[in-house]
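**Student:** Sharing a structure, written as structure tokens. Questions coming.
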Amino acid sequence: MRVPFLITAVIVSAGVLLSLVLPDYHLRLLNLSVVSAIAVIGLNFAFGYAGLISLGHAAFVGMGAYGLAILTTRMGWSPWRAMLVATTATAAFAGLIGLPLLRLKGHYLALATLGLNVSFYIVAANWIDLTGGTNGISRIPELTIAGRAIAGERPFLWFGLAVLAAITIVAFMIHTSRYGRAMIAVRDDETAAAMSGIDVTMTKIAAFVLSAVCAAIAGCLFACHVRFVAPEDFSYAHSITYLAMLIVGGESTIVGAILGAAVLTFLPEWLRFLGSAYLAFFGLMMLAILVFLPSGIAGLGRYLPRLRSPTRAAPASVSAKELGP
Amino acid sequence: MADLSQLLINGLAIGSVYALAAIGFVIVYSATGVVNFAAGQFVMFGTFAGVAMLINARLPWPSGYGAALAAMALFGALFFFVVYLPLRKSPIVTIIVATVAVGITMQNVALLTFGSWPFRLPSPVEGWTVTIAGTVVPAHFVAVIVVTAVMVGLLWLLFYRTPVGIGMRAVAQDIQAARLMGLKVNRLLALSWILAALLAGVAGLMLGPIWFADVNMGDPIALKAFAATIIGGFGSLPGAIVGGMFVGLSEVLGASYVSSAYKDLISFGIMIGFLLVRPQGVFGERIQDRG
């Protein structure tokens, strides 16, 4: 358990350090990376550990964001209370929809979740009475701590990093617990997992619900940060971006999820010198990463000199695909 | 009544385009196992190949269409070498994300080349109309349906009456066995990609005069093609046709009889319904967890 805490501490202190030196615009990108990282850590439960290909993750982010937006602006709730309810409701929805949906595998599940995301978008864009349609919902209140609003990019970043750190630690704890191992076992071989007494269906649903919880928290943070939600932010293209973040960072690693979220959020910025051609290069660069770095940025860690303590390296890894923390 | 038959023809014409896009998607999927998320961008490239040849190069339509399709065939071969070959052993999700990434590149290359202003691609039968059962419909819609029927007939001949097509089916069925039988597997796989690009090209050329040629047209087409494939049955050619027609009809009829805002929800709702109740679709493959 010491290594995960170390990594979390490194990431948080890097974030805090950056928050003191970067200009506001980059802080905004950093905030968006933190929010995406929380969503991608969630996706890592479903896809990285349990092997469920979800192309509907942005819909769960959207449900969290819209839930908070509707409860705060229409009902006048405090953002904290709204966040709790929106996250719980999203989790319940994920559990309900997961029950029939997760019987599907591979590309069937991918297309079903894609259909879910497209349907969410259509409803969000057209149910004008509830969601404001394509105009979205604006004037979402800020989060407050002890009467002080978390306003501005820098304070929000500190708050976001604290949430990210908490979620990272919980995710590490789940990863090393029997529940995390059960998810990985289900991903690697369902029959063998069922043979050894794992409830495959429950494990899959648990992973899916966990992923939706993280997504909804990310959505609530997004809504409180941008203070405006519109269907465009939760289209299926964003689901694919989350998946791309996870794969670029390093599939089934929590550190990879965070790195991938940061890299893909900043990549367009770094490619800015290409002018209007940057998106064309962005696609090619993604392709190059997938071809030449199949285990993602976190996979590069294997080429580093051995930093890990021998006790962690010794036990047989749960799966050949695992890359460590 | 006249309205209804007009809507039916519209729906079948749009459905034909979706069907062709879905067939290209299915051919690639059955042969290579790749779920091609850039399929919609292939159709968009088809439309813009038409724009380049007919509007920019001012070719007359027979040679313009020929040149556009030749460009699409080349593009299919390029895609095979640049995207498929390097990633053929990667897990399915990596390939999904890779095809999406290439789709982003394709969309933005088109944006850089043609700009964001939509084009109107003319039809060879521009301005002609046909009267069917007392209803006047643009001849282009009827032509689209006829061309699609001819394409499907040609595909059937290719797959069931020519050695090349039978080889392609063999590769789709069992790549190892096909290799052991001495088939040139890579050549046949490349041919599947070329065929898919050609079908997308035809779909794009026919769609140009119906919608405007717009660089953002790829995603909606891809989504409709996916819905068509699931409803018809993943990996099945007749399924792709039936599914495409179904999605086209439900879109046009749903827009006028139910709600134009929610017209797309109908096909996606039915797609999810199929996935939950009958994931193999109307004519689909027997295994559910392939890939």
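In the structure tokens, the first chain shown is A, the next is B, and so on; residue numbers restart at 1 for each chain, and ligands run from 1 in the order shown.
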For Arg88 (chain B), list every protein, DNA or RNA residue within 12 Å, evaluated using only C-alpha atoms, and leave out those in the same chain fewer than 3 positions away; present the list as a list of chain:residue names.
**Tutor:**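 The residues satisfying every condition are A:Leu290, A:Val291, B:Ala31, B:Thr32, B:Gly33, B:Val34, B:Val35, B:Phe80, B:Phe81, B:Val82, B:Val83, B:Tyr84, B:Leu85, B:Pro91, B:Ile92, B:Val93, B:Thr94, B:Ile95, B:Ile96, B:Ala98, B:Thr99, B:Asn186, B:Leu189.
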**Student:** Deliver the residues from the most recent selection as a file, using N, CA and C atoms, as a JSON list (two decimals), in the first residue's frame.
**Tutor:**
```json
[["chain", "number", "residue", "atom", "x", "y", "z"],
["A", 290, "LEU", "N", -1.01, 4.07, -30.34],
["A", 290, "LEU", "CA", -1.63, 2.75, -30.24],
["A", 290, "LEU", "C", -0.75, 1.70, -30.90],
["A", 291, "VAL", "N", -0.08, 2.08, -32.01],
["A", 291, "VAL", "CA", 0.73, 1.09, -32.72],
["A", 291, "VAL", "C", 2.05, 0.85, -31.98],
["B", 31, "ALA", "N", -14.49, -10.16, -42.56],
["B", 31, "ALA", "CA", -13.19, -10.62, -43.07],
["B", 31, "ALA", "C", -12.09, -10.41, -42.05],
["B", 32, "THR", "N", -12.10, -9.28, -41.36],
["B", 32, "THR", "CA", -10.93, -8.93, -40.55],
["B", 32, "THR", "C", -11.24, -8.87, -39.07],
["B", 33, "GLY", "N", -12.52, -8.92, -38.69],
["B", 33, "GLY", "CA", -12.87, -8.80, -37.28],
["B", 33, "GLY", "C", -12.76, -7.38, -36.75],
["B", 34, "VAL", "N", -12.53, -6.42, -37.65],
["B", 34, "VAL", "CA", -12.35, -5.04, -37.21],
["B", 34, "VAL", "C", -13.71, -4.34, -37.19],
["B", 35, "VAL", "N", -14.05, -3.75, -36.04],
["B", 35, "VAL", "CA", -15.24, -2.91, -35.96],
["B", 35, "VAL", "C", -14.79, -1.50, -36.38],
["B", 80, "PHE", "N", -5.79, -0.18, -45.37],
["B", 80, "PHE", "CA", -5.34, -1.53, -45.06],
["B", 80, "PHE", "C", -3.88, -1.52, -44.60],
["B", 81, "PHE", "N", -3.03, -0.80, -45.33],
["B", 81, "PHE", "CA", -1.60, -0.83, -45.00],
["B", 81, "PHE", "C", -1.27, 0.00, -43.76],
["B", 82, "VAL", "N", -1.93, 1.15, -43.62],
["B", 82, "VAL", "CA", -1.51, 2.07, -42.56],
["B", 82, "VAL", "C", -2.20, 1.77, -41.23],
["B", 83, "VAL", "N", -3.46, 1.34, -41.28],
["B", 83, "VAL", "CA", -4.19, 1.15, -40.03],
["B", 83, "VAL", "C", -4.36, -0.33, -39.70],
["B", 84, "TYR", "N", -4.82, -1.10, -40.68],
["B", 84, "TYR", "CA", -5.15, -2.49, -40.34],
["B", 84, "TYR", "C", -3.91, -3.32, -40.06],
["B", 85, "LEU", "N", -2.94, -3.32, -40.98],
["B", 85, "LEU", "CA", -1.78, -4.21, -40.82],
["B", 85, "LEU", "C", -1.04, -3.98, -39.50],
["B", 91, "PRO", "N", -5.96, -5.78, -29.35],
["B", 91, "PRO", "CA", -7.31, -6.07, -28.85],
["B", 91, "PRO", "C", -8.35, -5.18, -29.52],
["B", 92, "ILE", "N", -9.59, -5.63, -29.47],
["B", 92, "ILE", "CA", -10.68, -4.98, -30.21],
["B", 92, "ILE", "C", -10.82, -3.51, -29.84],
["B", 93, "VAL", "N", -10.62, -3.19, -28.55],
["B", 93, "VAL", "CA", -10.83, -1.81, -28.14],
["B", 93, "VAL", "C", -9.76, -0.90, -28.73],
["B", 94, "THR", "N", -8.53, -1.40, -28.78],
["B", 94, "THR", "CA", -7.48, -0.60, -29.38],
["B", 94, "THR", "C", -7.84, -0.28, -30.83],
["B", 95, "ILE", "N", -8.39, -1.28, -31.52],
["B", 95, "ILE", "CA", -8.73, -1.05, -32.92],
["B", 95, "ILE", "C", -9.89, -0.06, -33.02],
["B", 96, "ILE", "N", -10.87, -0.19, -32.10],
["B", 96, "ILE", "CA", -11.98, 0.77, -32.11],
["B", 96, "ILE", "C", -11.43, 2.19, -31.96],
["B", 98, "ALA", "N", -8.43, 3.23, -32.47],
["B", 98, "ALA", "CA", -7.58, 3.60, -33.60],
["B", 98, "ALA", "C", -8.42, 4.04, -34.79],
["B", 99, "THR", "N", -9.51, 3.31, -35.07],
["B", 99, "THR", "CA", -10.31, 3.72, -36.22],
["B", 99, "THR", "C", -11.00, 5.06, -35.94],
["B", 186, "ASN", "N", -3.45, -12.15, -47.28],
["B", 186, "ASN", "CA", -3.30, -10.71, -47.16],
["B", 186, "ASN", "C", -3.92, -9.97, -48.33],
["B", 189, "LEU", "N", -7.58, -9.93, -47.78],
["B", 189, "LEU", "CA", -7.96, -8.98, -46.73],
["B", 189, "LEU", "C", -7.91, -7.55, -47.26]]
```
**Student:** Applying 7 Å and only C-alpha atoms, which residues near Glu251 (chain A) remain after dropping the ones on its own chain fewer than 3 positions away? List them as a list in words.
**Tutor:**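 The residues that qualify are Gly48, Leu246, Ile247, Gly256, Ser295 and Gly296 of chain A.
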**Student:** I need the residues from that last selection saved to file as a short mmCIF file (atom, residue, chain, number, x, y, z; two decimals), in the first residue's frame (with C-alpha atoms), if you can.
**Tutor:**
```
data_model
loop_
_atom_site.label_atom_id
_atom_site.label_comp_id
_atom_site.auth_asym_id
_atom_site.auth_seq_id
_atom_site.Cartn_x
_atom_site.Cartn_y
_atom_site.Cartn_z
CA GLY A 48 -9.44 -1.88 -17.42
CA LEU A 246 -7.23 5.12 -20.64
CA ILE A 247 -5.53 3.28 -23.48
CA GLY A 256 -2.17 5.43 -16.56
CA SER A 295 0.64 -0.68 -23.22
CA GLY A 296 0.42 3.10 -23.04
#
```
**Student:** Quick one: residues within 10 Å of Val147 (chain B), only C-alpha atoms counted, chain neighbours fewer than 3 positions away excluded, as an MDAnalysis selection string?
**Tutor:** chainID B and resid 16 141:144 150:153 202:203 206
**Student:** At a cut-off of 8 Å, which residues of chain B touch chain A? Count only C-alpha atoms and give the answer as a PyMOL selection string.
**Tutor:** chain B and resi 35+83+86-87+90+92-94+97-98+100-109+112+226+261-262+264-265+268-269+271-272+275-276+279+288-291
**Student:** From region 68-224 of chain B, collect each residue whose DSSP state is strand (DSSP E or B) and return the set as number ranges by chain.
**Tutor:** B: 119, 129-132, 135-138, 213
